[in-house]
Amino acid sequence: VTGAVTAAQNICRSILRAGLEVRDIALEPLASSCAVLDADERHMGVCLVDVGGGTTDIAVFSRGGIRFTGVIGLGGQNVTSDVAIGLRTGWPIAEKLKCTWGTAALATVGDGETVEVPGVAGRPPQRASRRLLADIIEARMEEIFVLVRNQLGAGRFELGAGIALTGGGALIDGAVELAERVFEVPVRLGVPRGAVGMVEGIDSPAYATAVGLARLAGERGERENEQW
(Lines give C-alpha, C1' and ligand atoms only; values in the text may rest on other atoms or scores of the structure.)
Protein backbone atom coordinates (compact mmCIF):
# COMPACT_ATOMS: atom_id res chain seq x y z
CA VAL A 1 0.00 0.00 0.00
CA THR A 2 1.39 3.38 -0.98
CA GLY A 3 0.18 6.86 -0.11
CA ALA A 4 1.19 10.50 -0.21
CA VAL A 5 3.47 11.20 2.74
CA THR A 6 2.63 14.90 2.75
CA ALA A 7 -1.11 14.23 2.94
CA ALA A 8 -0.65 11.84 5.87
CA GLN A 9 1.60 14.32 7.67
CA ASN A 10 -0.94 17.13 7.20
CA ILE A 11 -3.70 14.98 8.69
CA CYS A 12 -1.52 14.13 11.68
CA ARG A 13 -0.59 17.80 12.22
CA SER A 14 -4.26 18.80 12.15
CA ILE A 15 -5.10 16.17 14.78
CA LEU A 16 -2.19 17.26 16.99
CA ARG A 17 -3.28 20.91 16.77
CA ALA A 18 -6.72 19.82 17.97
CA GLY A 19 -5.08 18.54 21.15
CA LEU A 20 -5.28 14.84 20.29
CA GLU A 21 -2.65 12.15 19.82
CA VAL A 22 -2.18 10.01 16.72
CA ARG A 23 -1.68 6.37 17.70
CA ASP A 24 -1.63 4.87 14.21
CA ILE A 25 -2.68 5.33 10.58
CA ALA A 26 -5.00 2.81 8.93
CA LEU A 27 -5.97 2.26 5.30
CA GLU A 28 -9.55 3.46 4.89
CA PRO A 29 -11.07 0.39 3.18
CA LEU A 30 -9.47 -1.87 5.82
CA ALA A 31 -11.12 0.19 8.56
CA SER A 32 -14.49 0.12 6.78
CA SER A 33 -14.22 -3.64 6.30
CA CYS A 34 -13.92 -4.14 10.06
CA ALA A 35 -17.34 -2.52 10.45
CA VAL A 36 -19.36 -4.03 7.59
CA LEU A 37 -17.91 -7.45 6.66
CA ASP A 38 -18.21 -10.73 8.55
CA ALA A 39 -15.90 -13.76 8.61
CA ASP A 40 -18.03 -15.81 6.21
CA GLU A 41 -17.87 -13.10 3.53
CA ARG A 42 -14.11 -12.75 3.94
CA HIS A 43 -13.70 -16.49 3.46
CA MET A 44 -16.06 -16.82 0.46
CA GLY A 45 -14.61 -13.83 -1.36
CA VAL A 46 -16.02 -10.32 -1.16
CA CYS A 47 -15.19 -6.87 -2.49
CA LEU A 48 -15.78 -3.83 -0.30
CA VAL A 49 -16.53 -0.69 -2.33
CA ASP A 50 -16.52 2.42 -0.11
CA VAL A 51 -17.87 5.44 -2.00
CA GLY A 52 -16.64 8.36 0.07
CA GLY A 53 -16.66 12.07 -0.58
CA GLY A 54 -13.48 12.50 -2.57
CA THR A 55 -12.47 8.91 -3.37
CA THR A 56 -13.88 5.43 -3.81
CA ASP A 57 -11.86 2.81 -1.94
CA ILE A 58 -11.69 -0.89 -2.83
CA ALA A 59 -10.67 -3.90 -0.75
CA VAL A 60 -10.97 -7.54 -1.87
CA PHE A 61 -10.95 -10.38 0.68
CA SER A 62 -10.74 -14.11 0.02
CA ARG A 63 -10.09 -17.16 2.23
CA GLY A 64 -10.07 -14.87 5.24
CA GLY A 65 -7.31 -12.52 4.07
CA ILE A 66 -7.01 -9.36 2.05
CA ARG A 67 -6.02 -9.86 -1.59
CA PHE A 68 -6.21 -6.42 -3.20
CA THR A 69 -6.73 -2.74 -2.39
CA GLY A 70 -7.24 0.20 -4.69
CA VAL A 71 -8.44 3.79 -4.80
CA ILE A 72 -10.49 5.60 -7.45
CA GLY A 73 -10.11 9.37 -7.45
CA LEU A 74 -13.86 9.98 -7.72
CA GLY A 75 -16.59 10.00 -5.08
CA GLY A 76 -19.80 11.57 -3.90
CA GLN A 77 -18.45 15.11 -4.18
CA ASN A 78 -18.02 14.61 -7.92
CA VAL A 79 -21.69 13.65 -8.18
CA THR A 80 -22.64 16.80 -6.29
CA SER A 81 -20.39 18.93 -8.49
CA ASP A 82 -22.03 17.49 -11.62
CA VAL A 83 -25.48 18.29 -10.23
CA ALA A 84 -24.41 21.85 -9.40
CA ILE A 85 -23.14 22.39 -12.95
CA GLY A 86 -26.04 20.65 -14.65
CA LEU A 87 -28.75 22.50 -12.71
CA ARG A 88 -26.78 25.76 -12.49
CA THR A 89 -26.97 26.06 -8.76
CA GLY A 90 -24.69 26.28 -5.73
CA TRP A 91 -22.84 23.32 -4.21
CA PRO A 92 -24.86 23.19 -0.93
CA ILE A 93 -28.13 23.24 -2.86
CA ALA A 94 -26.87 20.56 -5.24
CA GLU A 95 -25.91 18.34 -2.29
CA LYS A 96 -29.39 18.73 -0.79
CA LEU A 97 -31.09 17.97 -4.11
CA LYS A 98 -28.90 14.89 -4.59
CA CYS A 99 -29.74 13.50 -1.16
CA THR A 100 -33.44 14.44 -1.15
CA TRP A 101 -34.63 13.95 -4.74
CA GLY A 102 -31.70 12.30 -6.47
CA THR A 103 -31.58 8.72 -7.71
CA ALA A 104 -29.18 6.56 -9.68
CA ALA A 105 -32.15 4.77 -11.27
CA LEU A 106 -33.24 6.97 -14.16
CA ALA A 107 -35.80 4.43 -15.36
CA THR A 108 -37.85 4.87 -12.17
CA VAL A 109 -38.43 8.61 -12.72
CA GLY A 110 -41.47 9.82 -14.63
CA ASP A 111 -41.21 12.28 -17.51
CA GLY A 112 -43.32 14.93 -15.80
CA GLU A 113 -41.58 14.93 -12.42
CA THR A 114 -39.87 18.17 -11.43
CA VAL A 115 -37.91 19.52 -8.47
CA GLU A 116 -37.62 23.06 -7.18
CA VAL A 117 -34.12 24.49 -7.43
CA PRO A 118 -33.64 27.40 -5.00
CA GLY A 119 -32.23 30.51 -6.59
CA VAL A 120 -28.70 31.76 -5.91
CA ALA A 121 -27.36 35.31 -5.78
CA GLY A 122 -30.88 36.72 -5.44
CA ARG A 123 -32.33 34.85 -8.39
CA PRO A 124 -35.83 33.38 -8.02
CA PRO A 125 -36.25 29.59 -7.63
CA GLN A 126 -36.90 27.54 -10.76
CA ARG A 127 -38.30 24.11 -11.61
CA ALA A 128 -36.03 21.48 -13.11
CA SER A 129 -36.72 18.06 -14.54
CA ARG A 130 -36.13 15.30 -12.02
CA ARG A 131 -35.11 13.05 -14.92
CA LEU A 132 -32.25 15.47 -15.64
CA LEU A 133 -31.16 15.21 -12.01
CA ALA A 134 -31.34 11.40 -12.14
CA ASP A 135 -29.50 11.29 -15.47
CA ILE A 136 -26.62 13.32 -14.04
CA ILE A 137 -26.35 11.16 -10.92
CA GLU A 138 -26.69 7.83 -12.73
CA ALA A 139 -24.01 8.75 -15.28
CA ARG A 140 -21.39 9.67 -12.68
CA MET A 141 -22.18 6.73 -10.37
CA GLU A 142 -21.99 4.34 -13.31
CA GLU A 143 -18.60 5.80 -14.25
CA ILE A 144 -17.33 5.20 -10.71
CA PHE A 145 -18.54 1.59 -10.71
CA VAL A 146 -17.06 0.93 -14.15
CA LEU A 147 -13.67 2.24 -12.98
CA VAL A 148 -13.86 -0.06 -9.95
CA ARG A 149 -14.77 -2.99 -12.21
CA ASN A 150 -11.81 -2.22 -14.45
CA GLN A 151 -9.44 -2.26 -11.46
CA LEU A 152 -10.81 -5.61 -10.33
CA GLY A 153 -10.44 -7.10 -13.80
CA ALA A 154 -12.60 -9.78 -15.40
CA GLY A 155 -12.44 -13.04 -13.45
CA ARG A 156 -9.41 -11.91 -11.47
CA PHE A 157 -11.08 -12.52 -8.11
CA GLU A 158 -13.67 -15.06 -7.01
CA LEU A 159 -16.37 -13.03 -5.27
CA GLY A 160 -18.62 -15.71 -3.84
CA ALA A 161 -20.19 -13.22 -1.43
CA GLY A 162 -20.47 -10.48 -4.04
CA ILE A 163 -19.91 -6.83 -3.22
CA ALA A 164 -20.59 -4.78 -0.08
CA LEU A 165 -21.30 -1.17 -1.07
CA THR A 166 -20.72 1.32 1.73
CA GLY A 167 -19.79 4.95 2.37
CA GLY A 168 -21.98 8.04 2.06
CA GLY A 169 -22.27 7.60 -1.71
CA ALA A 170 -23.93 4.23 -1.21
CA LEU A 171 -26.94 6.02 0.29
CA ILE A 172 -27.95 7.47 -3.07
CA ASP A 173 -31.24 5.89 -4.10
CA GLY A 174 -30.73 3.15 -6.68
CA ALA A 175 -26.96 2.87 -6.11
CA VAL A 176 -27.12 -0.80 -5.08
CA GLU A 177 -29.22 -1.76 -8.10
CA LEU A 178 -26.93 0.16 -10.45
CA ALA A 179 -23.89 -1.55 -8.94
CA GLU A 180 -25.48 -4.97 -9.49
CA ARG A 181 -26.03 -4.09 -13.14
CA VAL A 182 -22.42 -2.98 -13.62
CA PHE A 183 -20.66 -5.71 -11.63
CA GLU A 184 -23.10 -8.54 -12.48
CA VAL A 185 -22.74 -10.02 -8.97
CA PRO A 186 -24.94 -9.68 -5.85
CA VAL A 187 -24.50 -6.31 -4.12
CA ARG A 188 -25.63 -5.43 -0.61
CA LEU A 189 -25.60 -2.19 1.37
CA GLY A 190 -22.75 -2.27 3.89
CA VAL A 191 -24.05 -0.98 7.24
CA PRO A 192 -21.83 -0.97 10.37
CA ARG A 193 -22.43 -4.09 12.46
CA GLY A 194 -21.87 -5.01 16.08
CA ALA A 195 -21.93 -1.49 17.53
CA VAL A 196 -23.76 -1.26 20.86
CA GLY A 197 -25.14 1.57 22.93
CA MET A 198 -26.34 4.84 21.38
CA VAL A 199 -25.92 3.74 17.76
CA GLU A 200 -28.94 5.46 16.22
CA GLY A 201 -26.80 8.17 14.68
CA ILE A 202 -24.07 5.94 13.29
CA ASP A 203 -25.95 2.90 11.94
CA SER A 204 -25.40 4.17 8.41
CA PRO A 205 -22.94 3.35 5.59
CA ALA A 206 -21.65 6.92 5.89
CA TYR A 207 -20.07 6.01 9.25
CA ALA A 208 -18.53 2.68 8.21
CA THR A 209 -14.96 4.02 8.30
CA ALA A 210 -15.41 5.80 11.65
CA VAL A 211 -16.89 2.72 13.30
CA GLY A 212 -14.18 0.53 11.77
CA LEU A 213 -11.42 2.83 13.05
CA ALA A 214 -12.88 2.67 16.56
CA ARG A 215 -12.98 -1.12 16.33
CA LEU A 216 -9.37 -1.30 15.09
CA ALA A 217 -8.25 0.91 17.97
CA GLY A 218 -10.13 -1.25 20.44
CA GLU A 219 -8.56 -4.45 19.09
CA ARG A 220 -5.11 -2.89 19.26
CA GLY A 221 -5.71 -1.85 22.86
CA GLU A 222 -6.75 -5.38 23.76
CA ARG A 223 -3.59 -6.82 22.19
CA GLU A 224 -1.40 -4.35 24.07
CA ASN A 225 -3.10 -5.23 27.36
CA GLU A 226 -2.58 -8.94 26.70
CA GLN A 227 1.14 -8.34 26.17
CA TRP A 228 1.36 -6.66 29.58
# chains A, B, ... in the order shown; residues from 1 in each chain; ligands from 1
>>> select_by_dssp(residues="chain A", states="strand (DSSP E or B)", output="JSON, numbers by chain")
{"A": [46, 47, 48, 49, 50, 51, 56, 57, 58, 59, 60, 61, 62, 65, 66, 67, 68, 69, 70, 71, 72, 114, 115, 116, 117, 126, 127, 128, 129, 163, 164, 165, 166, 187, 188, 189]}
>>> select_by_dssp(residues="range 69-110 of chain A", states="alpha helix (DSSP H)", output="number ranges by chain")
A: 76-87, 91-100
>>> atom_distance(atom1="CA of Gly155 in chain A", atom2="CA of Val185 in chain A")
11.6 Å
>>> atom_distance(atom1="CA of Val46 in chain A", atom2="CA of Thr209 in chain A")
17.2 Å
>>> residues_around(residues="range 189-196 of chain A", least_positions_apart="5", cutoff="7 Å", atoms="only C-alpha atoms", output="JSON, numbers by chain")
{"A": [35, 36, 164, 165, 166, 176, 203, 204, 205, 208, 211]}
>>> closest_residue(among="A:Gly75, A:Gly212, A:Gly54, A:Gly3", to="Ala170 in chain A", atoms="only C-alpha atoms")
A:Gly75
>>> atom_distance(atom1="CA of Ala128 in chain A", atom2="CA of Leu171 in chain A")
22.4 Å
>>> closest_residue(among="A:Gly122, A:Pro186, A:Gly86, A:Gly45", to="Gly64 in chain A", atoms="only C-alpha atoms")
A:Gly45
>>> closest_residue(among="A:Arg23, A:Arg130, A:Arg149, A:Arg63", to="Glu184 in chain A", atoms="only C-alpha atoms")
A:Arg149
>>> residues_around(residues="Pro118 in chain A", least_positions_apart="6", cutoff="12 Å", atoms="only C-alpha atoms", output="list in words")
Ala84, Leu87, Arg88, Thr89, Gly90, Trp91, Pro92, Ile93, Ala94, Lys96, Leu97, Pro124, Pro125, Gln126, Arg127 and Ala128 of chain A
>>> write_last_selection(atoms="all heavy atoms", output="short mmCIF file (atom, residue, chain, number, x, y, z; two decimals), in the first residue's frame")
data_model
loop_
_atom_site.label_atom_id
_atom_site.label_comp_id
_atom_site.auth_asym_id
_atom_site.auth_seq_id
_atom_site.Cartn_x
_atom_site.Cartn_y
_atom_site.Cartn_z
N ALA A 84 -24.50 20.39 -9.49
CA ALA A 84 -24.41 21.85 -9.40
C ALA A 84 -24.22 22.48 -10.78
O ALA A 84 -24.84 23.50 -11.11
CB ALA A 84 -23.26 22.25 -8.48
N LEU A 87 -27.54 21.74 -13.08
CA LEU A 87 -28.75 22.50 -12.71
C LEU A 87 -28.45 23.97 -12.46
O LEU A 87 -29.33 24.72 -12.04
CB LEU A 87 -29.38 21.88 -11.45
CG LEU A 87 -29.86 20.43 -11.59
CD1 LEU A 87 -30.58 20.00 -10.32
CD2 LEU A 87 -30.77 20.26 -12.81
N ARG A 88 -27.19 24.36 -12.64
CA ARG A 88 -26.78 25.76 -12.49
C ARG A 88 -27.17 26.31 -11.12
O ARG A 88 -27.88 27.32 -11.00
CB ARG A 88 -27.40 26.62 -13.60
CG ARG A 88 -26.97 26.19 -15.01
CD ARG A 88 -27.58 27.06 -16.07
NE ARG A 88 -27.19 26.61 -17.40
CZ ARG A 88 -27.60 27.17 -18.53
NH1 ARG A 88 -28.45 28.21 -18.49
NH2 ARG A 88 -27.20 26.70 -19.69
N THR A 89 -26.66 25.64 -10.12
CA THR A 89 -26.97 26.06 -8.76
C THR A 89 -25.72 25.91 -7.89
O THR A 89 -24.68 25.42 -8.35
CB THR A 89 -28.12 25.22 -8.17
OG1 THR A 89 -28.53 25.79 -6.93
CG2 THR A 89 -27.73 23.77 -7.98
N GLY A 90 -25.83 26.34 -6.64
CA GLY A 90 -24.69 26.28 -5.73
C GLY A 90 -24.45 24.87 -5.21
O GLY A 90 -25.33 24.01 -5.24
N TRP A 91 -23.23 24.65 -4.69
CA TRP A 91 -22.84 23.32 -4.21
C TRP A 91 -23.73 22.84 -3.05
O TRP A 91 -24.18 21.70 -3.09
CB TRP A 91 -21.38 23.34 -3.80
CG TRP A 91 -20.71 22.00 -3.84
CD1 TRP A 91 -20.02 21.45 -4.87
CD2 TRP A 91 -20.69 21.04 -2.79
NE1 TRP A 91 -19.55 20.21 -4.54
CE2 TRP A 91 -19.94 19.92 -3.26
CE3 TRP A 91 -21.21 21.00 -1.50
CZ2 TRP A 91 -19.71 18.79 -2.48
CZ3 TRP A 91 -20.99 19.87 -0.73
CH2 TRP A 91 -20.25 18.79 -1.21
N PRO A 92 -24.00 23.67 -2.03
CA PRO A 92 -24.86 23.19 -0.93
C PRO A 92 -26.25 22.80 -1.40
O PRO A 92 -26.82 21.81 -0.92
CB PRO A 92 -24.90 24.38 0.04
CG PRO A 92 -23.68 25.18 -0.28
CD PRO A 92 -23.49 25.04 -1.75
N ILE A 93 -26.80 23.56 -2.34
CA ILE A 93 -28.13 23.24 -2.86
C ILE A 93 -28.09 21.94 -3.66
O ILE A 93 -28.97 21.09 -3.56
CB ILE A 93 -28.66 24.40 -3.74
CG1 ILE A 93 -28.86 25.66 -2.89
CG2 ILE A 93 -29.96 24.00 -4.44
CD1 ILE A 93 -29.23 26.89 -3.69
N ALA A 94 -27.02 21.78 -4.45
CA ALA A 94 -26.87 20.56 -5.24
C ALA A 94 -26.77 19.34 -4.34
O ALA A 94 -27.34 18.28 -4.63
CB ALA A 94 -25.63 20.67 -6.13
N LYS A 96 -28.06 18.99 -1.35
CA LYS A 96 -29.39 18.73 -0.79
C LYS A 96 -30.31 18.08 -1.81
O LYS A 96 -31.05 17.14 -1.50
CB LYS A 96 -30.00 20.03 -0.28
CG LYS A 96 -31.33 19.85 0.45
CD LYS A 96 -31.84 21.15 1.02
CE LYS A 96 -33.16 20.93 1.76
NZ LYS A 96 -33.66 22.21 2.34
N LEU A 97 -30.26 18.56 -3.04
CA LEU A 97 -31.09 17.97 -4.11
C LEU A 97 -30.69 16.52 -4.37
O LEU A 97 -31.54 15.66 -4.56
CB LEU A 97 -30.96 18.79 -5.39
CG LEU A 97 -31.60 20.18 -5.40
CD1 LEU A 97 -31.19 20.95 -6.65
CD2 LEU A 97 -33.12 20.07 -5.32
N PRO A 124 -34.65 34.12 -8.50
CA PRO A 124 -35.83 33.38 -8.02
C PRO A 124 -35.64 31.88 -8.22
O PRO A 124 -34.87 31.45 -9.09
CB PRO A 124 -36.96 33.91 -8.91
CG PRO A 124 -36.29 34.36 -10.16
CD PRO A 124 -34.96 34.90 -9.73
N PRO A 125 -36.33 31.04 -7.44
CA PRO A 125 -36.25 29.59 -7.63
C PRO A 125 -36.82 29.18 -8.97
O PRO A 125 -37.64 29.89 -9.56
CB PRO A 125 -37.07 29.04 -6.46
CG PRO A 125 -38.00 30.14 -6.08
CD PRO A 125 -37.25 31.41 -6.34
N GLN A 126 -36.41 28.03 -9.47
CA GLN A 126 -36.90 27.54 -10.76
C GLN A 126 -37.20 26.04 -10.64
O GLN A 126 -36.74 25.37 -9.72
CB GLN A 126 -35.86 27.77 -11.86
CG GLN A 126 -34.52 27.12 -11.58
CD GLN A 126 -33.50 27.38 -12.66
OE1 GLN A 126 -33.83 27.80 -13.76
NE2 GLN A 126 -32.23 27.12 -12.37
N ARG A 127 -37.99 25.54 -11.56
CA ARG A 127 -38.30 24.11 -11.61
C ARG A 127 -37.37 23.44 -12.60
O ARG A 127 -37.06 23.98 -13.67
CB ARG A 127 -39.75 23.88 -12.04
CG ARG A 127 -40.81 24.59 -11.23
CD ARG A 127 -40.87 24.13 -9.80
NE ARG A 127 -41.17 22.71 -9.68
CZ ARG A 127 -41.35 22.10 -8.50
NH1 ARG A 127 -41.25 22.81 -7.36
NH2 ARG A 127 -41.63 20.82 -8.43
N ALA A 128 -36.91 22.25 -12.24
CA ALA A 128 -36.03 21.48 -13.11
C ALA A 128 -36.56 20.06 -13.22
O ALA A 128 -37.20 19.55 -12.30
CB ALA A 128 -34.60 21.47 -12.58
#
>>> residues_around(residues="Phe157 in chain A", least_positions_apart="4", cutoff="9 Å", atoms="only C-alpha atoms", output="PyMOL selection string")
chain A and resi 45-47+60+62+67+152-153
>>> residues_around(residues="Gly102 in chain A", least_positions_apart="5", cutoff="8 Å", atoms="only C-alpha atoms", output="list in words")
Leu97, Arg130, Leu133, Ala134, Ile137, Ile172 and Asp173 of chain A
>>> closest_residue(among="A:Met44, A:Ile144, A:Ser14, A:Thr103", to="Asn78 in chain A", atoms="only C-alpha atoms")
A:Ile144
>>> residues_around(residues="range 106-110 of chain A", least_positions_apart="3", cutoff="6 Å", atoms="only C-alpha atoms", output="ChimeraX atom specification")
/A:113,131,134-135
